[in-house]
Each structure stands twice: as structure tokens, then as C-alpha cells.
Amino acid sequence: MAHGSECYRHPDIALWQLTQDCDVFEIPISMMTLYGDYNYRFNLLHYLKNNTDILIVPIFFYDGFLVNKAKRHIAQMNDSCNIHYAAAINFDPLLSTMITERIKQLEVFESVSNSTQLVR
């Protein structure tokens, strides 16, 4: 489960790619979001009614307001399925390394873009 968007398609595409990359366990994987076309409010009930156990993996930086709000709502939707939650990534140290590398890439790109002259 990720944040999602009602306006932009890129979050759905990125989440779909992530589910494809994680599809190595020979178990069904479904993508759901808090907002947008894959909203858990419309899609999760089917899984709650047809399974005895499900695992929800929040794709969020931390288990904060939105994740806890979704957990409370899901608990209200559920009456018989065992729901297990993975912890959010909680600012894993690798995340800061990845962000730093992306910033460096942008700085290099900007430096090259600003110093390049159009040759005719």
C-alpha cells in the first residue's frame, strides 16, 4: 500500500513496477493506494473476505499519521481475516544515501546543462 494520487499517473506506474519486481514469492501480490484508482477502500474488502491471512506492506517513509489512519480504517472493515503489517521503511539509512546520490546526479546534470553551448 502506497500513498497514490488522484491526479498523477506516475505513482501508480512506480508502484506497479515495484509489485512486479517483488513478485518472486509465488503468492498473490496486489497494489493498493490511499488515494487514486487503486484505493484500498474499494479493493481490500474482497481480499479480507476471501483470505484468512494477508500481509500489508506500507510503502511510506514512516509509520505516521496516514499509515495509522489506514490501519484504523482497515480494522473497521475487517471481521475475520488476520492482517499482518510490515513496518514502513522508517527512514532506512540507505534512503539518505539514495537521496544524496540523486542530488549529486542533478547537480552534475545542471552543471553540464548550464555550461553547454549550442553549436550550429
# chains A, B, ... in the order shown; residues from 1 in each chain; ligands from 1
call {"tool": "select_by_dssp", "arguments": {"residues": "region 48-77 of chain A", "states": "strand (DSSP E or B)", "output": "ChimeraX atom specification"}}
result
/A:53-56
call {"tool": "select_by_dssp", "arguments": {"residues": "chain A", "states": "helix (DSSP H, G or I)", "output": "short mmCIF file (atom, residue, chain, number, x, y, z; two decimals) with all heavy atoms, in the first residue's frame"}}
result
data_model
loop_
_atom_site.label_atom_id
_atom_site.label_comp_id
_atom_site.auth_asym_id
_atom_site.auth_seq_id
_atom_site.Cartn_x
_atom_site.Cartn_y
_atom_site.Cartn_z
N HIS A 10 2.15 8.74 -12.43
CA HIS A 10 3.47 8.20 -12.13
C HIS A 10 3.52 7.37 -10.84
O HIS A 10 4.16 6.31 -10.83
CB HIS A 10 4.53 9.31 -12.10
CG HIS A 10 5.91 8.78 -11.94
ND1 HIS A 10 6.56 8.09 -12.95
CD2 HIS A 10 6.74 8.79 -10.88
CE1 HIS A 10 7.73 7.71 -12.52
NE2 HIS A 10 7.88 8.12 -11.26
N PRO A 11 2.85 7.77 -9.75
CA PRO A 11 2.89 6.91 -8.55
C PRO A 11 2.31 5.51 -8.81
O PRO A 11 2.85 4.53 -8.32
CB PRO A 11 2.04 7.68 -7.54
CG PRO A 11 2.16 9.10 -7.96
CD PRO A 11 2.20 9.05 -9.47
N ASP A 12 1.24 5.42 -9.59
CA ASP A 12 0.66 4.11 -9.91
C ASP A 12 1.63 3.27 -10.74
O ASP A 12 1.78 2.07 -10.51
CB ASP A 12 -0.65 4.27 -10.69
CG ASP A 12 -1.76 4.84 -9.83
OD1 ASP A 12 -1.63 4.87 -8.60
OD2 ASP A 12 -2.78 5.26 -10.42
N ILE A 13 2.29 3.90 -11.68
CA ILE A 13 3.25 3.18 -12.53
C ILE A 13 4.42 2.69 -11.70
O ILE A 13 4.85 1.53 -11.82
CB ILE A 13 3.72 4.09 -13.69
CG1 ILE A 13 2.54 4.40 -14.62
CG2 ILE A 13 4.88 3.46 -14.45
CD1 ILE A 13 2.80 5.52 -15.60
N ALA A 14 4.94 3.54 -10.82
CA ALA A 14 6.07 3.15 -9.97
C ALA A 14 5.67 2.02 -9.02
O ALA A 14 6.43 1.07 -8.82
CB ALA A 14 6.58 4.35 -9.19
N LEU A 15 4.47 2.09 -8.45
CA LEU A 15 4.01 1.04 -7.54
C LEU A 15 3.78 -0.26 -8.30
O LEU A 15 4.12 -1.34 -7.82
CB LEU A 15 2.73 1.48 -6.82
CG LEU A 15 2.19 0.50 -5.78
CD1 LEU A 15 3.22 0.22 -4.68
CD2 LEU A 15 0.90 1.04 -5.17
N TRP A 16 3.23 -0.17 -9.49
CA TRP A 16 3.03 -1.38 -10.31
C TRP A 16 4.38 -2.03 -10.59
O TRP A 16 4.52 -3.26 -10.47
CB TRP A 16 2.32 -1.03 -11.61
CG TRP A 16 2.11 -2.23 -12.47
CD1 TRP A 16 1.07 -3.12 -12.40
CD2 TRP A 16 2.97 -2.70 -13.51
NE1 TRP A 16 1.24 -4.10 -13.34
CE2 TRP A 16 2.40 -3.87 -14.03
CE3 TRP A 16 4.16 -2.24 -14.04
CZ2 TRP A 16 2.98 -4.59 -15.07
CZ3 TRP A 16 4.74 -2.95 -15.07
CH2 TRP A 16 4.16 -4.11 -15.57
N GLN A 17 5.39 -1.23 -10.95
CA GLN A 17 6.72 -1.78 -11.23
C GLN A 17 7.29 -2.45 -9.98
O GLN A 17 7.89 -3.52 -10.05
CB GLN A 17 7.66 -0.70 -11.73
CG GLN A 17 9.03 -1.23 -12.13
CD GLN A 17 8.94 -2.25 -13.25
OE1 GLN A 17 8.38 -1.97 -14.30
NE2 GLN A 17 9.48 -3.44 -13.03
N LEU A 18 7.09 -1.83 -8.83
CA LEU A 18 7.57 -2.42 -7.58
C LEU A 18 6.89 -3.76 -7.31
O LEU A 18 7.55 -4.72 -6.92
CB LEU A 18 7.33 -1.46 -6.42
CG LEU A 18 7.76 -1.94 -5.04
CD1 LEU A 18 9.27 -2.18 -4.99
CD2 LEU A 18 7.34 -0.94 -3.98
N THR A 19 5.59 -3.86 -7.54
CA THR A 19 4.90 -5.13 -7.31
C THR A 19 5.41 -6.19 -8.28
O THR A 19 5.53 -7.36 -7.90
CB THR A 19 3.37 -5.01 -7.42
OG1 THR A 19 3.01 -4.54 -8.72
CG2 THR A 19 2.81 -4.09 -6.37
N GLN A 20 5.72 -5.80 -9.50
CA GLN A 20 6.28 -6.76 -10.46
C GLN A 20 7.66 -7.24 -10.00
O GLN A 20 7.99 -8.42 -10.09
CB GLN A 20 6.38 -6.14 -11.86
CG GLN A 20 5.05 -5.74 -12.46
CD GLN A 20 4.06 -6.89 -12.50
OE1 GLN A 20 4.33 -7.93 -13.07
NE2 GLN A 20 2.91 -6.71 -11.85
N ASP A 21 8.47 -6.33 -9.53
CA ASP A 21 9.82 -6.67 -9.06
C ASP A 21 9.77 -7.58 -7.83
O ASP A 21 10.67 -8.39 -7.62
CB ASP A 21 10.62 -5.41 -8.73
CG ASP A 21 10.93 -4.58 -9.97
OD1 ASP A 21 10.80 -5.09 -11.11
OD2 ASP A 21 11.29 -3.40 -9.79
N TYR A 40 -7.47 1.46 -1.57
CA TYR A 40 -7.73 0.27 -0.76
C TYR A 40 -9.18 0.18 -0.31
O TYR A 40 -9.71 -0.92 -0.12
CB TYR A 40 -6.78 0.22 0.45
CG TYR A 40 -7.17 1.14 1.58
CD1 TYR A 40 -7.95 0.69 2.63
CD2 TYR A 40 -6.75 2.47 1.60
CE1 TYR A 40 -8.31 1.53 3.67
CE2 TYR A 40 -7.09 3.30 2.64
CZ TYR A 40 -7.87 2.84 3.67
OH TYR A 40 -8.23 3.67 4.69
N ARG A 41 -9.87 1.29 -0.14
CA ARG A 41 -11.26 1.26 0.33
C ARG A 41 -12.16 0.49 -0.62
O ARG A 41 -13.15 -0.10 -0.19
CB ARG A 41 -11.78 2.68 0.49
CG ARG A 41 -11.18 3.43 1.65
CD ARG A 41 -11.68 4.89 1.66
NE ARG A 41 -11.11 5.64 2.74
CZ ARG A 41 -9.98 6.33 2.67
NH1 ARG A 41 -9.30 6.36 1.55
NH2 ARG A 41 -9.53 7.00 3.69
N PHE A 42 -11.81 0.48 -1.90
CA PHE A 42 -12.63 -0.21 -2.90
C PHE A 42 -12.12 -1.62 -3.19
O PHE A 42 -12.88 -2.47 -3.62
CB PHE A 42 -12.66 0.60 -4.20
CG PHE A 42 -13.10 2.01 -4.00
CD1 PHE A 42 -12.25 3.06 -4.29
CD2 PHE A 42 -14.36 2.33 -3.49
CE1 PHE A 42 -12.64 4.38 -4.10
CE2 PHE A 42 -14.76 3.63 -3.29
CZ PHE A 42 -13.89 4.66 -3.60
N ASN A 43 -10.84 -1.86 -2.97
CA ASN A 43 -10.23 -3.12 -3.39
C ASN A 43 -9.95 -4.12 -2.27
O ASN A 43 -9.89 -5.31 -2.51
CB ASN A 43 -8.91 -2.83 -4.12
CG ASN A 43 -9.15 -2.01 -5.37
OD1 ASN A 43 -9.99 -2.34 -6.18
ND2 ASN A 43 -8.41 -0.92 -5.51
N LEU A 44 -9.76 -3.66 -1.06
CA LEU A 44 -9.32 -4.54 0.01
C LEU A 44 -10.41 -5.46 0.55
O LEU A 44 -10.12 -6.59 0.95
CB LEU A 44 -8.74 -3.69 1.16
CG LEU A 44 -8.09 -4.47 2.30
CD1 LEU A 44 -6.93 -5.31 1.80
CD2 LEU A 44 -7.63 -3.50 3.37
N LEU A 45 -11.63 -5.03 0.53
CA LEU A 45 -12.72 -5.84 1.09
C LEU A 45 -12.77 -7.24 0.49
O LEU A 45 -12.98 -8.22 1.20
CB LEU A 45 -14.05 -5.11 0.90
CG LEU A 45 -15.21 -5.61 1.74
CD1 LEU A 45 -14.86 -5.62 3.23
CD2 LEU A 45 -16.43 -4.76 1.52
N HIS A 46 -12.55 -7.35 -0.81
CA HIS A 46 -12.52 -8.65 -1.49
C HIS A 46 -11.47 -9.56 -0.85
O HIS A 46 -11.73 -10.73 -0.58
CB HIS A 46 -12.22 -8.44 -2.97
CG HIS A 46 -11.84 -9.70 -3.69
ND1 HIS A 46 -12.76 -10.65 -4.06
CD2 HIS A 46 -10.62 -10.16 -4.06
CE1 HIS A 46 -12.11 -11.65 -4.65
NE2 HIS A 46 -10.82 -11.38 -4.67
N TYR A 47 -10.28 -9.03 -0.58
CA TYR A 47 -9.20 -9.83 0.00
C TYR A 47 -9.49 -10.18 1.45
O TYR A 47 -9.16 -11.28 1.90
CB TYR A 47 -7.86 -9.10 -0.12
CG TYR A 47 -7.46 -8.90 -1.55
CD1 TYR A 47 -7.63 -7.68 -2.18
CD2 TYR A 47 -6.94 -9.97 -2.29
CE1 TYR A 47 -7.29 -7.51 -3.50
CE2 TYR A 47 -6.61 -9.80 -3.62
CZ TYR A 47 -6.77 -8.57 -4.21
OH TYR A 47 -6.45 -8.41 -5.53
N LEU A 48 -10.10 -9.27 2.18
CA LEU A 48 -10.43 -9.55 3.57
C LEU A 48 -11.46 -10.67 3.69
O LEU A 48 -11.40 -11.48 4.61
CB LEU A 48 -10.97 -8.29 4.25
CG LEU A 48 -9.97 -7.14 4.45
CD1 LEU A 48 -10.68 -5.90 4.97
CD2 LEU A 48 -8.85 -7.56 5.37
N LYS A 49 -12.40 -10.72 2.75
CA LYS A 49 -13.46 -11.73 2.81
C LYS A 49 -13.02 -13.09 2.28
O LYS A 49 -13.59 -14.11 2.63
CB LYS A 49 -14.68 -11.25 2.03
CG LYS A 49 -15.40 -10.14 2.73
CD LYS A 49 -16.67 -9.75 2.02
CE LYS A 49 -17.36 -8.67 2.83
NZ LYS A 49 -18.73 -8.44 2.43
N ASN A 50 -12.00 -13.10 1.40
CA ASN A 50 -11.62 -14.34 0.72
C ASN A 50 -10.30 -14.94 1.19
O ASN A 50 -9.81 -15.88 0.58
CB ASN A 50 -11.58 -14.12 -0.79
CG ASN A 50 -12.96 -13.83 -1.33
OD1 ASN A 50 -13.91 -14.58 -1.10
ND2 ASN A 50 -13.10 -12.72 -2.03
N PHE A 65 0.94 9.34 10.52
CA PHE A 65 -0.48 9.65 10.52
C PHE A 65 -1.25 8.87 9.45
O PHE A 65 -2.26 8.23 9.75
CB PHE A 65 -0.69 11.16 10.34
CG PHE A 65 -2.14 11.53 10.22
CD1 PHE A 65 -2.95 11.57 11.34
CD2 PHE A 65 -2.70 11.83 8.98
CE1 PHE A 65 -4.29 11.90 11.25
CE2 PHE A 65 -4.04 12.16 8.87
CZ PHE A 65 -4.84 12.19 10.00
N LEU A 66 -0.80 8.92 8.20
CA LEU A 66 -1.55 8.27 7.12
C LEU A 66 -1.58 6.76 7.26
O LEU A 66 -2.63 6.13 7.06
CB LEU A 66 -0.98 8.66 5.76
CG LEU A 66 -1.22 10.10 5.34
CD1 LEU A 66 -0.52 10.39 4.02
CD2 LEU A 66 -2.70 10.41 5.23
N VAL A 67 -0.46 6.16 7.61
CA VAL A 67 -0.43 4.70 7.78
C VAL A 67 -1.33 4.30 8.93
O VAL A 67 -2.12 3.36 8.81
CB VAL A 67 1.02 4.21 8.01
CG1 VAL A 67 1.04 2.73 8.37
CG2 VAL A 67 1.89 4.47 6.78
N ASN A 68 -1.25 5.01 10.04
CA ASN A 68 -2.09 4.66 11.20
C ASN A 68 -3.57 4.89 10.93
O ASN A 68 -4.42 4.13 11.38
CB ASN A 68 -1.62 5.42 12.44
CG ASN A 68 -0.27 4.92 12.91
OD1 ASN A 68 0.00 3.72 12.87
ND2 ASN A 68 0.58 5.82 13.34
N LYS A 69 -3.89 5.93 10.16
CA LYS A 69 -5.27 6.18 9.79
C LYS A 69 -5.80 5.03 8.93
O LYS A 69 -6.92 4.54 9.15
CB LYS A 69 -5.36 7.51 9.02
CG LYS A 69 -6.75 7.87 8.58
CD LYS A 69 -6.74 9.21 7.84
CE LYS A 69 -8.10 9.54 7.29
NZ LYS A 69 -8.09 10.79 6.51
N ALA A 70 -5.00 4.58 7.97
CA ALA A 70 -5.41 3.45 7.13
C ALA A 70 -5.57 2.18 7.96
O ALA A 70 -6.54 1.43 7.77
CB ALA A 70 -4.39 3.24 6.01
N LYS A 71 -4.66 1.94 8.90
CA LYS A 71 -4.77 0.75 9.76
C LYS A 71 -6.07 0.77 10.56
O LYS A 71 -6.74 -0.27 10.68
CB LYS A 71 -3.58 0.67 10.71
CG LYS A 71 -2.29 0.25 10.04
CD LYS A 71 -1.16 0.21 11.07
CE LYS A 71 0.15 -0.23 10.49
NZ LYS A 71 1.24 -0.27 11.48
N ARG A 72 -6.43 1.92 11.09
CA ARG A 72 -7.68 2.02 11.86
C ARG A 72 -8.89 1.74 10.95
O ARG A 72 -9.81 1.02 11.34
CB ARG A 72 -7.81 3.39 12.51
CG ARG A 72 -6.91 3.60 13.71
CD ARG A 72 -7.25 4.86 14.48
NE ARG A 72 -7.16 6.07 13.66
CZ ARG A 72 -6.05 6.78 13.47
NH1 ARG A 72 -4.92 6.40 14.04
NH2 ARG A 72 -6.07 7.87 12.73
N HIS A 73 -8.87 2.31 9.77
CA HIS A 73 -9.99 2.10 8.84
C HIS A 73 -10.07 0.64 8.40
O HIS A 73 -11.15 0.07 8.33
CB HIS A 73 -9.85 3.03 7.63
CG HIS A 73 -11.02 2.94 6.73
ND1 HIS A 73 -10.96 2.33 5.50
CD2 HIS A 73 -12.31 3.36 6.88
CE1 HIS A 73 -12.15 2.38 4.93
NE2 HIS A 73 -12.98 3.00 5.75
N ILE A 74 -8.93 0.02 8.13
CA ILE A 74 -8.91 -1.38 7.72
C ILE A 74 -9.43 -2.26 8.85
O ILE A 74 -10.18 -3.22 8.61
CB ILE A 74 -7.50 -1.80 7.26
CG1 ILE A 74 -7.15 -1.08 5.95
CG2 ILE A 74 -7.38 -3.31 7.11
CD1 ILE A 74 -5.69 -1.17 5.54
N ALA A 75 -9.08 -1.95 10.08
CA ALA A 75 -9.59 -2.72 11.23
C ALA A 75 -11.11 -2.66 11.30
O ALA A 75 -11.77 -3.66 11.62
CB ALA A 75 -8.97 -2.19 12.53
N GLN A 76 -11.68 -1.51 10.96
CA GLN A 76 -13.14 -1.37 10.95
C GLN A 76 -13.78 -2.17 9.81
O GLN A 76 -14.91 -2.63 9.93
CB GLN A 76 -13.54 0.09 10.83
CG GLN A 76 -13.18 0.92 12.04
CD GLN A 76 -13.42 2.40 11.82
OE1 GLN A 76 -13.68 2.86 10.72
NE2 GLN A 76 -13.33 3.16 12.91
N MET A 77 -13.06 -2.33 8.70
CA MET A 77 -13.57 -3.08 7.55
C MET A 77 -13.53 -4.59 7.80
O MET A 77 -14.26 -5.34 7.17
CB MET A 77 -12.72 -2.79 6.30
CG MET A 77 -12.77 -1.37 5.81
SD MET A 77 -11.52 -1.07 4.51
CE MET A 77 -12.03 -2.17 3.21
N PRO A 93 18.72 3.93 6.57
CA PRO A 93 19.95 4.66 6.22
C PRO A 93 20.25 4.65 4.72
O PRO A 93 20.85 5.59 4.21
CB PRO A 93 21.04 3.91 7.00
CG PRO A 93 20.32 3.29 8.14
CD PRO A 93 18.94 2.97 7.64
N LEU A 94 19.84 3.61 4.03
CA LEU A 94 20.06 3.57 2.58
C LEU A 94 19.29 4.68 1.88
O LEU A 94 19.70 5.15 0.82
CB LEU A 94 19.65 2.21 2.01
CG LEU A 94 20.53 1.04 2.40
CD1 LEU A 94 19.95 -0.26 1.85
CD2 LEU A 94 21.95 1.24 1.90
N LEU A 95 18.18 5.09 2.46
CA LEU A 95 17.37 6.14 1.84
C LEU A 95 18.15 7.45 1.75
O LEU A 95 18.15 8.11 0.70
CB LEU A 95 16.08 6.35 2.62
CG LEU A 95 15.11 7.36 2.06
CD1 LEU A 95 14.64 6.95 0.68
CD2 LEU A 95 13.93 7.51 2.98
N SER A 96 18.86 7.82 2.80
CA SER A 96 19.62 9.07 2.75
C SER A 96 20.75 8.98 1.72
O SER A 96 21.05 9.96 1.03
CB SER A 96 20.17 9.44 4.12
OG SER A 96 21.07 8.46 4.57
N THR A 97 21.35 7.80 1.58
CA THR A 97 22.38 7.61 0.57
C THR A 97 21.79 7.76 -0.83
O THR A 97 22.37 8.42 -1.70
CB THR A 97 23.03 6.22 0.72
OG1 THR A 97 23.57 6.12 2.03
CG2 THR A 97 24.13 6.01 -0.31
N MET A 98 20.62 7.17 -1.04
CA MET A 98 19.96 7.27 -2.35
C MET A 98 19.61 8.72 -2.67
O MET A 98 19.83 9.18 -3.80
CB MET A 98 18.70 6.40 -2.38
CG MET A 98 18.99 4.92 -2.32
SD MET A 98 17.52 3.91 -2.06
CE MET A 98 16.48 4.41 -3.40
N ILE A 99 19.08 9.44 -1.71
CA ILE A 99 18.70 10.84 -1.95
C ILE A 99 19.94 11.67 -2.25
O ILE A 99 19.93 12.50 -3.17
CB ILE A 99 17.91 11.40 -0.74
CG1 ILE A 99 16.55 10.70 -0.65
CG2 ILE A 99 17.75 12.91 -0.85
CD1 ILE A 99 15.78 10.99 0.62
N THR A 100 21.01 11.45 -1.50
CA THR A 100 22.25 12.18 -1.74
C THR A 100 22.77 11.91 -3.15
O THR A 100 23.20 12.85 -3.85
CB THR A 100 23.32 11.78 -0.70
OG1 THR A 100 22.80 12.06 0.60
CG2 THR A 100 24.62 12.52 -0.91
N GLU A 101 22.73 10.67 -3.58
CA GLU A 101 23.19 10.33 -4.92
C GLU A 101 22.33 11.00 -6.00
O GLU A 101 22.85 11.48 -7.00
CB GLU A 101 23.20 8.81 -5.12
CG GLU A 101 24.28 8.10 -4.33
CD GLU A 101 25.68 8.58 -4.70
OE1 GLU A 101 25.98 8.75 -5.89
OE2 GLU A 101 26.47 8.81 -3.76
N ARG A 102 21.02 11.04 -5.78
CA ARG A 102 20.14 11.71 -6.75
C ARG A 102 20.43 13.20 -6.83
O ARG A 102 20.44 13.78 -7.91
CB ARG A 102 18.67 11.48 -6.38
CG ARG A 102 18.24 10.05 -6.45
CD ARG A 102 18.18 9.55 -7.90
NE ARG A 102 18.11 8.13 -7.98
CZ ARG A 102 17.01 7.40 -7.98
NH1 ARG A 102 15.84 7.99 -7.90
NH2 ARG A 102 17.06 6.10 -8.06
N ILE A 103 20.69 13.82 -5.70
CA ILE A 103 21.02 15.25 -5.70
C ILE A 103 22.32 15.48 -6.45
O ILE A 103 22.42 16.41 -7.26
CB ILE A 103 21.11 15.79 -4.24
CG1 ILE A 103 19.71 15.80 -3.63
CG2 ILE A 103 21.74 17.18 -4.22
CD1 ILE A 103 19.69 16.09 -2.14
N LYS A 104 23.31 14.63 -6.21
CA LYS A 104 24.59 14.75 -6.94
C LYS A 104 24.37 14.61 -8.45
O LYS A 104 24.96 15.34 -9.23
CB LYS A 104 25.58 13.70 -6.45
CG LYS A 104 26.14 13.96 -5.08
CD LYS A 104 27.09 12.85 -4.66
CE LYS A 104 27.58 13.04 -3.25
NZ LYS A 104 28.42 11.91 -2.81
N GLN A 105 23.52 13.66 -8.84
CA GLN A 105 23.22 13.48 -10.27
C GLN A 105 22.61 14.74 -10.85
O GLN A 105 22.96 15.16 -11.95
CB GLN A 105 22.27 12.30 -10.47
CG GLN A 105 22.87 10.96 -10.23
CD GLN A 105 21.83 9.85 -10.27
OE1 GLN A 105 20.63 10.09 -10.43
NE2 GLN A 105 22.28 8.61 -10.11
N LEU A 106 21.68 15.35 -10.12
CA LEU A 106 21.04 16.57 -10.60
C LEU A 106 22.03 17.72 -10.68
O LEU A 106 21.99 18.52 -11.61
CB LEU A 106 19.86 16.95 -9.71
CG LEU A 106 18.64 16.06 -9.82
CD1 LEU A 106 17.62 16.43 -8.75
CD2 LEU A 106 18.03 16.15 -11.19
N GLU A 107 22.93 17.80 -9.69
CA GLU A 107 23.94 18.86 -9.72
C GLU A 107 24.86 18.71 -10.91
O GLU A 107 25.19 19.68 -11.59
CB GLU A 107 24.75 18.86 -8.42
CG GLU A 107 23.96 19.36 -7.23
CD GLU A 107 24.71 19.20 -5.91
OE1 GLU A 107 25.68 18.41 -5.85
OE2 GLU A 107 24.30 19.87 -4.95
N VAL A 108 25.26 17.49 -11.22
CA VAL A 108 26.10 17.24 -12.39
C VAL A 108 25.33 17.60 -13.65
O VAL A 108 25.85 18.26 -14.55
CB VAL A 108 26.59 15.77 -12.42
CG1 VAL A 108 27.21 15.43 -13.77
CG2 VAL A 108 27.55 15.51 -11.28
N PHE A 109 24.08 17.19 -13.74
CA PHE A 109 23.26 17.49 -14.90
C PHE A 109 23.11 19.00 -15.08
O PHE A 109 23.27 19.52 -16.17
CB PHE A 109 21.88 16.84 -14.77
CG PHE A 109 20.96 17.17 -15.90
CD1 PHE A 109 21.11 16.56 -17.14
CD2 PHE A 109 19.94 18.10 -15.74
CE1 PHE A 109 20.27 16.87 -18.19
CE2 PHE A 109 19.10 18.42 -16.78
CZ PHE A 109 19.26 17.80 -18.01
N GLU A 110 22.82 19.70 -13.99
CA GLU A 110 22.67 21.16 -14.05
C GLU A 110 23.98 21.81 -14.49
O GLU A 110 23.99 22.74 -15.28
CB GLU A 110 22.23 21.72 -12.70
CG GLU A 110 20.77 21.57 -12.43
CD GLU A 110 19.92 22.40 -13.37
OE1 GLU A 110 20.24 23.58 -13.61
OE2 GLU A 110 18.93 21.86 -13.89
N SER A 111 25.09 21.34 -13.97
CA SER A 111 26.39 21.90 -14.31
C SER A 111 26.67 21.72 -15.80
O SER A 111 27.11 22.64 -16.48
CB SER A 111 27.48 21.22 -13.49
OG SER A 111 28.75 21.67 -13.88
N VAL A 112 26.39 20.54 -16.30
CA VAL A 112 26.61 20.27 -17.73
C VAL A 112 25.64 21.08 -18.57
O VAL A 112 26.02 21.69 -19.57
CB VAL A 112 26.46 18.76 -18.02
CG1 VAL A 112 26.45 18.49 -19.51
CG2 VAL A 112 27.58 17.98 -17.35
N SER A 113 24.38 21.15 -18.16
CA SER A 113 23.37 21.90 -18.92
C SER A 113 23.71 23.38 -19.00
O SER A 113 23.55 24.02 -20.02
CB SER A 113 21.99 21.74 -18.30
OG SER A 113 21.58 20.41 -18.38
N ASN A 114 24.20 23.94 -17.89
CA ASN A 114 24.49 25.37 -17.85
C ASN A 114 25.77 25.73 -18.60
O ASN A 114 25.96 26.86 -19.01
CB ASN A 114 24.59 25.87 -16.40
CG ASN A 114 23.24 25.84 -15.71
OD1 ASN A 114 22.20 25.93 -16.36
ND2 ASN A 114 23.26 25.70 -14.40
N SER A 115 26.67 24.77 -18.76
CA SER A 115 27.93 25.08 -19.42
C SER A 115 27.93 24.67 -20.89
O SER A 115 28.89 24.95 -21.60
CB SER A 115 29.09 24.38 -18.69
OG SER A 115 28.94 22.98 -18.80
#
call {"tool": "atom_distance", "arguments": {"atom1": "CA of Ile83 (chain A)", "atom2": "CA of Tyr62 (chain A)"}}
result
18.8 Å
call {"tool": "atom_distance", "arguments": {"atom1": "CA of Ala87 (chain A)", "atom2": "CA of Ala2 (chain A)"}}
result
12.7 Å
call {"tool": "atom_distance", "arguments": {"atom1": "CA of His84 (chain A)", "atom2": "CA of Tyr8 (chain A)"}}
result
29.1 Å
call {"tool": "residues_around", "arguments": {"residues": "Arg9 (chain A)", "least_positions_apart": "5", "cutoff": "10 Å", "atoms": "only C-alpha atoms", "output": "VMD selection string"}}
result
chain A and resid 4 14 36 to 37
call {"tool": "write_last_selection", "arguments": {"atoms": "C-alpha atoms", "output": "short mmCIF file (atom, residue, chain, number, x, y, z; two decimals), in the first residue's frame"}}
result
data_model
loop_
_atom_site.label_atom_id
_atom_site.label_comp_id
_atom_site.auth_asym_id
_atom_site.auth_seq_id
_atom_site.Cartn_x
_atom_site.Cartn_y
_atom_site.Cartn_z
CA GLY A 4 -1.11 7.18 -4.56
CA ALA A 14 6.07 3.15 -9.97
CA GLY A 36 -6.42 7.24 -6.68
CA ASP A 37 -7.54 4.38 -8.91
#
call {"tool": "residues_around", "arguments": {"residues": "Asn90 (chain A)", "least_positions_apart": "5", "cutoff": "8 Å", "atoms": "only C-alpha atoms", "output": "list in words"}}
result
Phe60, Phe61, Tyr62 and Asp63 of chain A
call {"tool": "closest_residue", "arguments": {"among": "A:Met32, A:Ile27, A:Cys22, A:Leu55", "to": "Cys81 (chain A)", "atoms": "only C-alpha atoms"}}
result
A:Leu55
call {"tool": "closest_residue", "arguments": {"among": "A:Thr33, A:Ser80, A:Glu26, A:His3", "to": "Asn51 (chain A)", "atoms": "only C-alpha atoms"}}
result
A:Ser80
call {"tool": "decode", "arguments": {"residues": "region 45-49 of chain A", "atoms": "all heavy atoms", "output": "mmCIF file, in the first residue's frame"}}
result
data_model
loop_
_atom_site.group_PDB
_atom_site.id
_atom_site.type_symbol
_atom_site.label_atom_id
_atom_site.label_comp_id
_atom_site.auth_asym_id
_atom_site.auth_seq_id
_atom_site.Cartn_x
_atom_site.Cartn_y
_atom_site.Cartn_z
ATOM 1 N N LEU A 45 -11.633 -5.034 0.525
ATOM 2 C CA LEU A 45 -12.722 -5.836 1.089
ATOM 3 C C LEU A 45 -12.769 -7.240 0.490
ATOM 4 O O LEU A 45 -12.977 -8.224 1.202
ATOM 5 C CB LEU A 45 -14.053 -5.112 0.905
ATOM 6 C CG LEU A 45 -15.207 -5.610 1.744
ATOM 7 C CD1 LEU A 45 -14.857 -5.625 3.233
ATOM 8 C CD2 LEU A 45 -16.428 -4.760 1.516
ATOM 9 N N HIS A 46 -12.551 -7.346 -0.810
ATOM 10 C CA HIS A 46 -12.516 -8.648 -1.486
ATOM 11 C C HIS A 46 -11.471 -9.563 -0.848
ATOM 12 O O HIS A 46 -11.730 -10.732 -0.576
ATOM 13 C CB HIS A 46 -12.224 -8.445 -2.974
ATOM 14 C CG HIS A 46 -11.838 -9.695 -3.685
ATOM 15 N ND1 HIS A 46 -12.757 -10.648 -4.062
ATOM 16 C CD2 HIS A 46 -10.618 -10.160 -4.056
ATOM 17 C CE1 HIS A 46 -12.115 -11.647 -4.653
ATOM 18 N NE2 HIS A 46 -10.820 -11.378 -4.668
ATOM 19 N N TYR A 47 -10.281 -9.026 -0.584
ATOM 20 C CA TYR A 47 -9.203 -9.826 -0.004
ATOM 21 C C TYR A 47 -9.493 -10.182 1.448
ATOM 22 O O TYR A 47 -9.163 -11.282 1.902
ATOM 23 C CB TYR A 47 -7.864 -9.096 -0.119
ATOM 24 C CG TYR A 47 -7.465 -8.902 -1.553
ATOM 25 C CD1 TYR A 47 -7.634 -7.682 -2.178
ATOM 26 C CD2 TYR A 47 -6.944 -9.965 -2.293
ATOM 27 C CE1 TYR A 47 -7.290 -7.508 -3.505
ATOM 28 C CE2 TYR A 47 -6.607 -9.799 -3.620
ATOM 29 C CZ TYR A 47 -6.774 -8.572 -4.211
ATOM 30 O OH TYR A 47 -6.449 -8.410 -5.531
ATOM 31 N N LEU A 48 -10.095 -9.271 2.177
ATOM 32 C CA LEU A 48 -10.435 -9.547 3.575
ATOM 33 C C LEU A 48 -11.459 -10.667 3.686
ATOM 34 O O LEU A 48 -11.402 -11.481 4.609
ATOM 35 C CB LEU A 48 -10.965 -8.287 4.251
ATOM 36 C CG LEU A 48 -9.975 -7.144 4.446
ATOM 37 C CD1 LEU A 48 -10.683 -5.904 4.968
ATOM 38 C CD2 LEU A 48 -8.848 -7.557 5.372
ATOM 39 N N LYS A 49 -12.403 -10.723 2.750
ATOM 40 C CA LYS A 49 -13.462 -11.734 2.808
ATOM 41 C C LYS A 49 -13.023 -13.092 2.276
ATOM 42 O O LYS A 49 -13.595 -14.110 2.634
ATOM 43 C CB LYS A 49 -14.684 -11.250 2.034
ATOM 44 C CG LYS A 49 -15.401 -10.135 2.729
ATOM 45 C CD LYS A 49 -16.673 -9.753 2.022
ATOM 46 C CE LYS A 49 -17.359 -8.666 2.834
ATOM 47 N NZ LYS A 49 -18.728 -8.438 2.434
#
